[in-house]
Amino acid sequence: MSIPATQYGFVFTKKDGLKIRENMPVLEPKADQVLLKVDAVGLCHSDLHAIYDGFDFGDNYVMGHEIAGTIVKKGAMVDFWDLNTRVACFGPNSCGHCQLCRTGFENDCINVVNGWFGLGKNGGYQQYLLVEKPRNLVAIPDNVESSDAAAITDALLTPYHAMRLAGVRSGTKLLQIGAGGLGVNGIQIAKAFGAQVTVIDKKPEAVDVAKSLGADEVYSALPESTSPGSFDVAIDYVSTQGTFDTCQKYVRSKGNIVPVGLAAPRISFNLGDLALREINVLGSFWGTSSDLKECFDLVSKGKVKPKVTVAPLKQLPEYIVKLQNSAYEGRVVFKP
Ligand code: NAD
Ligand code: ZN
Ligand code: ZN
């Protein structure tokens with residue numbers, strides 16, 4: 001396969017936002033690096049936070065952090081990957097040797113803050129991606145499509161990790177807010193865990209999708225008759241003050257709230273209620289590589305089917321506007 005010398009990609013700069021750039025060089029892997037042909041890359045709402053809401057992940061990098069590709073070139077020292085292997089990027093792009101990495105929390109690696117794939121460091125909104133640390137690639141099972149694999153690396157991994165942290169299991173009464181890119185997979189994972197799932201989404205179409213994916217109850221807002229304290233766990237894929245307040249009101253004493261969404265820069269809580277009812281608020285970031293492996297297993301075994309729409313990468317600007325307006329269901333995944 002011949003690899004071109006140049007390519008196009010979408011580069012984020014603080015000055016100009018996200019802009020297409022033509023004639024970017026296709027980089028040459030050094031001895032310990034590999035080059036991926038990007039096969040699929042998902043658009044996450046976090047990209048919008050970086051472009052429009054002042055979330056500072058860095059400057060002057062190719063965006064796109066849900067990446068699946070094929071290894072098309074590798075350095076002489078890379079002996080653990082074969083050419084033509086389909087792989088997905090482990091987004092946190094961890095160092096592998098800090099205390100957090102060594103104890104299994106590579107998602108919290110202290111050495112790569114703002115060095116994540118597509119969030120600070122070059123990502124998948126381009127045709128070819130140079131991977132400096134091939135340890136952060138995982139093989140895609142043969143029966144999993146690359147477009148699904150891209151979504152698995154975040155839109156599935158993040159809800160999976162959050163629910164593991166919160167102890168969601170068989171019989172858990174789960175309140176889930178938001179049934180967009182992450183939430184549609186969150187419902188399916190929660191059902192695979194055996195949870196009883198109540199979903200709130202303000203968008204009528206998302207309510208229908210949530211029902212079709214197996215949610216037990218779905219609302220645009222909880223009915224008046226719902227008793228406060230009636231859920232074991234509340235996972236918030238939005239995280240505004242309003243959605244957090246809903247979580248705090250309806251989670252039980254000793255229950256867990258996970259504000260996965262990043263909509264509000266700051267959130268306050270009712271301290272008296274939090275203390276007296278011993279409610280736990282858990283931070284949750286992306287997921288670990290072992291979570292990612294388990295997510296691939298769930299999809300490979302047919303227990304979860306990522307909800308993706310596939311589009312050409314050059315349509316990224318149109319889909320950004322659509323995502324701002326919540327104008328499609330699930331995840332959009334691009335083919336460069
Ligand atoms: P999305 O836009 O695809 O989905 C959001 C959904 O929430 C939509 O269906 C929308 O209709 C619904 N919604 C919005 N406001 C609502 C409200 N007030 N009440 C009820 N429903 C509401 O977004 P996404 O890609 O699923 O990402 C969700 C959030 O998760 C984003 O803030 C993103 O930055 C964040 N995120 C966090 C992590 C992490 O590691 N913590 C990882 C990935 C994404
Ligand atoms: Zn994301
Ligand atoms: Zn580390």
# chains A, B, ... in the order shown; residues from 1 in each chain; ligands from 1
>>> residues_around(residues="A:Ile152", least_positions_apart="5", cutoff="12 Å", atoms="only C-alpha atoms", output="ChimeraX atom specification")
/A:40-42,44,65-68,87-91,138,140-141,144-147,157-161,181-182,184-186,189,286-287,289,291-300,304-308,331,333
>>> write_last_selection(atoms="C-alpha atoms", output="short mmCIF file (atom, residue, chain, number, x, y, z; two decimals), in the first residue's frame")
data_model
loop_
_atom_site.label_atom_id
_atom_site.label_comp_id
_atom_site.auth_asym_id
_atom_site.auth_seq_id
_atom_site.Cartn_x
_atom_site.Cartn_y
_atom_site.Cartn_z
CA ALA A 40 -12.79 5.78 11.80
CA VAL A 41 -12.93 8.66 14.27
CA GLY A 42 -15.84 9.72 16.49
CA CYS A 44 -17.53 13.70 21.12
CA HIS A 65 -10.05 11.33 20.29
CA GLU A 66 -12.12 8.24 19.39
CA ILE A 67 -9.80 6.55 16.93
CA ALA A 68 -9.64 3.24 15.07
CA VAL A 87 -6.21 -1.24 16.28
CA ALA A 88 -7.97 1.32 18.44
CA CYS A 89 -6.25 4.08 20.40
CA PHE A 90 -6.43 4.03 24.20
CA GLY A 91 -7.25 7.74 24.44
CA VAL A 138 -5.43 -2.25 21.46
CA ILE A 140 -9.81 -4.73 17.48
CA PRO A 141 -11.59 -8.11 17.55
CA VAL A 144 -16.05 -5.60 15.52
CA GLU A 145 -16.28 -2.95 12.79
CA SER A 146 -13.80 -0.08 12.90
CA SER A 147 -16.62 2.48 13.17
CA LEU A 157 -15.60 3.14 27.66
CA THR A 158 -16.56 6.27 29.61
CA PRO A 159 -20.04 5.06 30.68
CA TYR A 160 -18.58 1.62 31.42
CA HIS A 161 -15.91 3.06 33.71
CA GLY A 181 -23.44 9.76 22.30
CA LEU A 182 -22.43 8.33 25.69
CA VAL A 184 -27.16 5.43 24.38
CA ASN A 185 -24.33 3.04 25.21
CA GLY A 186 -24.73 3.68 28.94
CA ILE A 189 -24.19 -1.43 29.47
CA TRP A 286 -12.56 8.12 30.44
CA GLY A 287 -11.60 4.54 31.45
CA SER A 289 -7.22 -0.11 29.43
CA ASP A 291 -12.13 -1.45 31.04
CA LEU A 292 -11.50 -0.94 27.32
CA LYS A 293 -10.75 -4.63 26.85
CA GLU A 294 -14.00 -5.49 28.66
CA CYS A 295 -15.91 -3.04 26.44
CA PHE A 296 -14.56 -4.75 23.32
CA ASP A 297 -15.65 -8.09 24.81
CA LEU A 298 -19.18 -6.78 25.43
CA VAL A 299 -19.49 -5.67 21.80
CA SER A 300 -17.73 -8.71 20.36
CA VAL A 304 -23.89 -4.05 23.39
CA LYS A 305 -24.14 -2.52 19.92
CA PRO A 306 -22.69 1.01 19.72
CA LYS A 307 -25.14 3.37 18.10
CA VAL A 308 -23.18 5.06 15.30
CA ARG A 331 -22.45 8.96 17.87
CA VAL A 333 -18.12 8.42 13.33
#
>>> residues_around(residues="A:Ser268", least_positions_apart="3", cutoff="9 Å", atoms="only C-alpha atoms", output="PyMOL selection string")
chain A and resi 241+244-245+271
>>> residues_near_ligand(ligand="ligand 3", cutoff="10 Å", atoms="only C-alpha atoms and all ligand atoms", output="list in words")
Pro92, Asn93, Ser94, Cys95, Gly96, His97, Cys98, Gln99, Leu100, Cys101, Arg102, Thr103, Gly104, Phe105, Glu106, Asn107, Asp108, Cys109, Ile110, Asn111, Val112 and Val113 of chain A
>>> write_last_selection(atoms="N, CA, C and O atoms", output="CSV table (one decimal), in the first residue's frame")
chain,number,residue,atom,x,y,z
A,92,PRO,N,-6.4,7.9,26.8
A,92,PRO,CA,-5.6,8.6,27.8
A,92,PRO,C,-4.1,8.5,27.5
A,92,PRO,O,-3.3,9.3,28.1
A,93,ASN,N,-3.6,7.7,26.6
A,93,ASN,CA,-2.3,7.7,26.0
A,93,ASN,C,-1.2,7.8,27.2
A,93,ASN,O,-0.3,8.6,27.2
A,94,SER,N,-1.4,6.9,28.1
A,94,SER,CA,-0.7,6.9,29.4
A,94,SER,C,0.8,6.5,29.2
A,94,SER,O,1.2,5.9,28.2
A,95,CYS,N,1.6,6.9,30.3
A,95,CYS,CA,3.1,6.7,30.2
A,95,CYS,C,3.5,5.3,30.5
A,95,CYS,O,4.5,4.8,30.0
A,96,GLY,N,2.7,4.6,31.3
A,96,GLY,CA,3.0,3.2,31.7
A,96,GLY,C,3.9,3.0,32.8
A,96,GLY,O,4.1,1.9,33.3
A,97,HIS,N,4.6,4.1,33.3
A,97,HIS,CA,5.5,3.9,34.4
A,97,HIS,C,5.3,4.7,35.6
A,97,HIS,O,6.0,4.5,36.6
A,98,CYS,N,4.3,5.6,35.6
A,98,CYS,CA,4.1,6.4,36.9
A,98,CYS,C,3.3,5.5,37.9
A,98,CYS,O,2.8,4.4,37.5
A,99,GLN,N,3.1,5.9,39.1
A,99,GLN,CA,2.5,5.2,40.1
A,99,GLN,C,1.0,4.8,39.7
A,99,GLN,O,0.6,3.7,40.0
A,100,LEU,N,0.3,5.8,39.1
A,100,LEU,CA,-1.0,5.5,38.7
A,100,LEU,C,-1.1,4.5,37.6
A,100,LEU,O,-1.9,3.6,37.7
A,101,CYS,N,-0.3,4.6,36.6
A,101,CYS,CA,-0.2,3.6,35.6
A,101,CYS,C,0.1,2.2,36.1
A,101,CYS,O,-0.6,1.2,35.8
A,102,ARG,N,1.0,2.2,37.0
A,102,ARG,CA,1.5,0.9,37.5
A,102,ARG,C,0.4,0.2,38.4
A,102,ARG,O,0.5,-1.0,38.6
A,103,THR,N,-0.5,1.0,38.9
A,103,THR,CA,-1.5,0.4,39.8
A,103,THR,C,-2.9,0.3,39.0
A,103,THR,O,-3.9,0.1,39.6
A,104,GLY,N,-2.8,0.4,37.7
A,104,GLY,CA,-4.0,0.1,36.9
A,104,GLY,C,-4.9,1.4,36.6
A,104,GLY,O,-5.9,1.2,36.0
A,105,PHE,N,-4.5,2.5,37.0
A,105,PHE,CA,-5.3,3.7,36.8
A,105,PHE,C,-4.7,4.6,35.7
A,105,PHE,O,-4.4,5.8,35.9
A,106,GLU,N,-4.4,4.0,34.5
A,106,GLU,CA,-3.7,4.7,33.5
A,106,GLU,C,-4.5,5.9,32.9
A,106,GLU,O,-4.0,6.8,32.4
A,107,ASN,N,-5.8,5.8,33.2
A,107,ASN,CA,-6.7,7.0,32.7
A,107,ASN,C,-6.3,8.2,33.5
A,107,ASN,O,-6.6,9.3,33.1
A,108,ASP,N,-5.7,8.0,34.7
A,108,ASP,CA,-5.4,9.2,35.6
A,108,ASP,C,-3.9,9.5,35.5
A,108,ASP,O,-3.4,10.2,36.4
A,109,CYS,N,-3.2,8.9,34.5
A,109,CYS,CA,-1.7,9.1,34.4
A,109,CYS,C,-1.3,10.5,34.6
A,109,CYS,O,-1.9,11.4,33.9
A,110,ILE,N,-0.3,10.7,35.5
A,110,ILE,CA,0.0,12.1,35.8
A,110,ILE,C,1.0,12.7,34.7
A,110,ILE,O,1.2,13.9,34.7
A,111,ASN,N,1.5,11.9,33.9
A,111,ASN,CA,2.5,12.4,32.9
A,111,ASN,C,1.9,12.8,31.6
A,111,ASN,O,2.7,13.2,30.7
A,112,VAL,N,0.7,12.6,31.4
A,112,VAL,CA,0.1,12.9,30.1
A,112,VAL,C,-1.1,13.9,30.1
A,112,VAL,O,-1.8,14.0,29.2
A,113,VAL,N,-1.2,14.7,31.2
A,113,VAL,CA,-2.3,15.6,31.3
A,113,VAL,C,-2.2,16.6,30.1
A,113,VAL,O,-1.1,17.1,29.8
>>> residues_around(residues="A:Leu313", least_positions_apart="6", cutoff="7 Å", atoms="only C-alpha atoms", output="list in words")
Phe334, Lys335 and Pro336 of chain A
>>> write_last_selection(atoms="all heavy atoms", output="PDB file, in the first residue's frame")
ATOM      1  N   PHE A 334     -16.559   9.297  11.697  1.00  0.00           N
ATOM      2  CA  PHE A 334     -16.144   9.716  10.356  1.00  0.00           C
ATOM      3  C   PHE A 334     -15.133   8.758   9.745  1.00  0.00           C
ATOM      4  O   PHE A 334     -14.288   8.192  10.441  1.00  0.00           O
ATOM      5  CB  PHE A 334     -15.510  11.112  10.404  1.00  0.00           C
ATOM      6  CG  PHE A 334     -16.433  12.160  10.947  1.00  0.00           C
ATOM      7  CD1 PHE A 334     -16.287  12.618  12.250  1.00  0.00           C
ATOM      8  CD2 PHE A 334     -17.466  12.668  10.176  1.00  0.00           C
ATOM      9  CE1 PHE A 334     -17.139  13.573  12.774  1.00  0.00           C
ATOM     10  CE2 PHE A 334     -18.328  13.630  10.682  1.00  0.00           C
ATOM     11  CZ  PHE A 334     -18.163  14.075  11.994  1.00  0.00           C
ATOM     12  N   LYS A 335     -15.208   8.655   8.417  1.00  0.00           N
ATOM     13  CA  LYS A 335     -14.187   7.937   7.639  1.00  0.00           C
ATOM     14  C   LYS A 335     -13.365   8.993   6.900  1.00  0.00           C
ATOM     15  O   LYS A 335     -13.908   9.730   6.076  1.00  0.00           O
ATOM     16  CB  LYS A 335     -14.852   7.027   6.594  1.00  0.00           C
ATOM     17  CG  LYS A 335     -15.801   6.002   7.199  1.00  0.00           C
ATOM     18  CD  LYS A 335     -15.120   4.675   7.334  1.00  0.00           C
ATOM     19  CE  LYS A 335     -16.027   3.655   7.992  1.00  0.00           C
ATOM     20  NZ  LYS A 335     -15.352   2.476   8.453  1.00  0.00           N
ATOM     21  N   PRO A 336     -12.056   9.085   7.208  1.00  0.00           N
ATOM     22  CA  PRO A 336     -11.237  10.105   6.528  1.00  0.00           C
ATOM     23  C   PRO A 336     -11.046   9.777   5.039  1.00  0.00           C
ATOM     24  O   PRO A 336     -11.098   8.631   4.655  1.00  0.00           O
ATOM     25  CB  PRO A 336      -9.912  10.052   7.250  1.00  0.00           C
ATOM     26  CG  PRO A 336     -10.187   9.377   8.544  1.00  0.00           C
ATOM     27  CD  PRO A 336     -11.323   8.439   8.276  1.00  0.00           C
TER      28      PRO A 336
END
>>> atom_distance(atom1="atom CA of A:Gln7", atom2="atom CA of A:Lys37")
10.9 Å
>>> residues_near_ligand(ligand="ligand 1", cutoff="6 Å", atoms="only C-alpha atoms and all ligand atoms", output="NGL selection string")
:A and (44-46 or 158 or 177-183 or 200-203 or 206 or 237-238 or 243 or 260-263 or 284-286 or 323 or 326)
>>> atom_distance(atom1="atom CA of A:Leu174", atom2="atom CA of A:Ala327")
26.1 Å
>>> residues_around(residues="A:Thr172", least_positions_apart="3", cutoff="7 Å", atoms="only C-alpha atoms", output="short mmCIF file (atom, residue, chain, number, x, y, z; two decimals) with N, CA and C atoms, in the first residue's frame")
data_model
loop_
_atom_site.label_atom_id
_atom_site.label_comp_id
_atom_site.auth_asym_id
_atom_site.auth_seq_id
_atom_site.Cartn_x
_atom_site.Cartn_y
_atom_site.Cartn_z
N VAL A 168 -22.50 -0.18 39.78
CA VAL A 168 -23.76 -0.59 39.14
C VAL A 168 -23.69 -2.10 38.89
N ARG A 169 -24.71 -2.80 39.34
CA ARG A 169 -24.73 -4.26 39.19
C ARG A 169 -26.19 -4.72 39.08
N ALA A 195 -29.05 -3.84 35.64
CA ALA A 195 -29.62 -2.71 36.40
C ALA A 195 -31.04 -2.38 35.92
N GLN A 196 -31.78 -1.68 36.78
CA GLN A 196 -33.10 -1.13 36.45
C GLN A 196 -32.85 0.32 36.06
N ASP A 232 -30.32 4.16 43.56
CA ASP A 232 -29.04 3.80 44.19
C ASP A 232 -27.90 4.64 43.61
#
>>> select_by_dssp(residues="stretch 234-282 of chain A", states="strand (DSSP E)", output="ChimeraX atom specification")
/A:234-236,251-259,280-281
>>> write_last_selection(atoms="N, CA, C and O atoms", output="short mmCIF file (atom, residue, chain, number, x, y, z; two decimals), in the first residue's frame")
data_model
loop_
_atom_site.label_atom_id
_atom_site.label_comp_id
_atom_site.auth_asym_id
_atom_site.auth_seq_id
_atom_site.Cartn_x
_atom_site.Cartn_y
_atom_site.Cartn_z
N ALA A 234 -26.88 7.66 40.44
CA ALA A 234 -27.29 8.62 39.40
C ALA A 234 -26.06 8.92 38.54
O ALA A 234 -25.04 9.37 39.07
N ILE A 235 -26.16 8.63 37.24
CA ILE A 235 -25.06 8.96 36.33
C ILE A 235 -25.54 10.11 35.46
O ILE A 235 -26.56 9.98 34.77
N ASP A 236 -24.79 11.19 35.48
CA ASP A 236 -25.22 12.42 34.79
C ASP A 236 -24.32 12.67 33.59
O ASP A 236 -23.17 13.08 33.74
N VAL A 251 -31.17 10.56 44.44
CA VAL A 251 -30.32 9.44 44.84
C VAL A 251 -30.58 9.15 46.32
O VAL A 251 -30.89 10.06 47.09
N ARG A 252 -30.46 7.90 46.69
CA ARG A 252 -30.76 7.52 48.08
C ARG A 252 -29.60 7.89 49.01
O ARG A 252 -28.50 8.20 48.55
N SER A 253 -29.85 7.82 50.31
CA SER A 253 -28.77 8.01 51.30
C SER A 253 -27.70 6.97 51.02
O SER A 253 -28.01 5.82 50.71
N LYS A 254 -26.46 7.37 51.09
CA LYS A 254 -25.30 6.52 50.80
C LYS A 254 -25.18 6.17 49.32
O LYS A 254 -24.36 5.32 48.93
N GLY A 255 -26.00 6.79 48.49
CA GLY A 255 -25.95 6.51 47.05
C GLY A 255 -24.79 7.24 46.39
O GLY A 255 -24.11 8.06 47.00
N ASN A 256 -24.58 6.91 45.11
CA ASN A 256 -23.46 7.48 44.35
C ASN A 256 -23.98 8.33 43.19
O ASN A 256 -24.85 7.91 42.43
N ILE A 257 -23.38 9.52 43.05
CA ILE A 257 -23.65 10.38 41.90
C ILE A 257 -22.35 10.47 41.09
O ILE A 257 -21.29 10.74 41.66
N VAL A 258 -22.44 10.24 39.78
CA VAL A 258 -21.25 10.40 38.93
C VAL A 258 -21.55 11.47 37.88
O VAL A 258 -22.28 11.22 36.92
N PRO A 259 -21.01 12.68 38.06
CA PRO A 259 -21.21 13.72 37.03
C PRO A 259 -20.18 13.52 35.90
O PRO A 259 -19.12 14.13 35.91
N ASN A 280 -22.24 10.11 47.98
CA ASN A 280 -20.90 10.15 47.37
C ASN A 280 -20.99 10.78 45.99
O ASN A 280 -21.83 10.39 45.18
N VAL A 281 -20.12 11.75 45.72
CA VAL A 281 -20.00 12.32 44.38
C VAL A 281 -18.66 11.84 43.83
O VAL A 281 -17.61 12.13 44.41
#
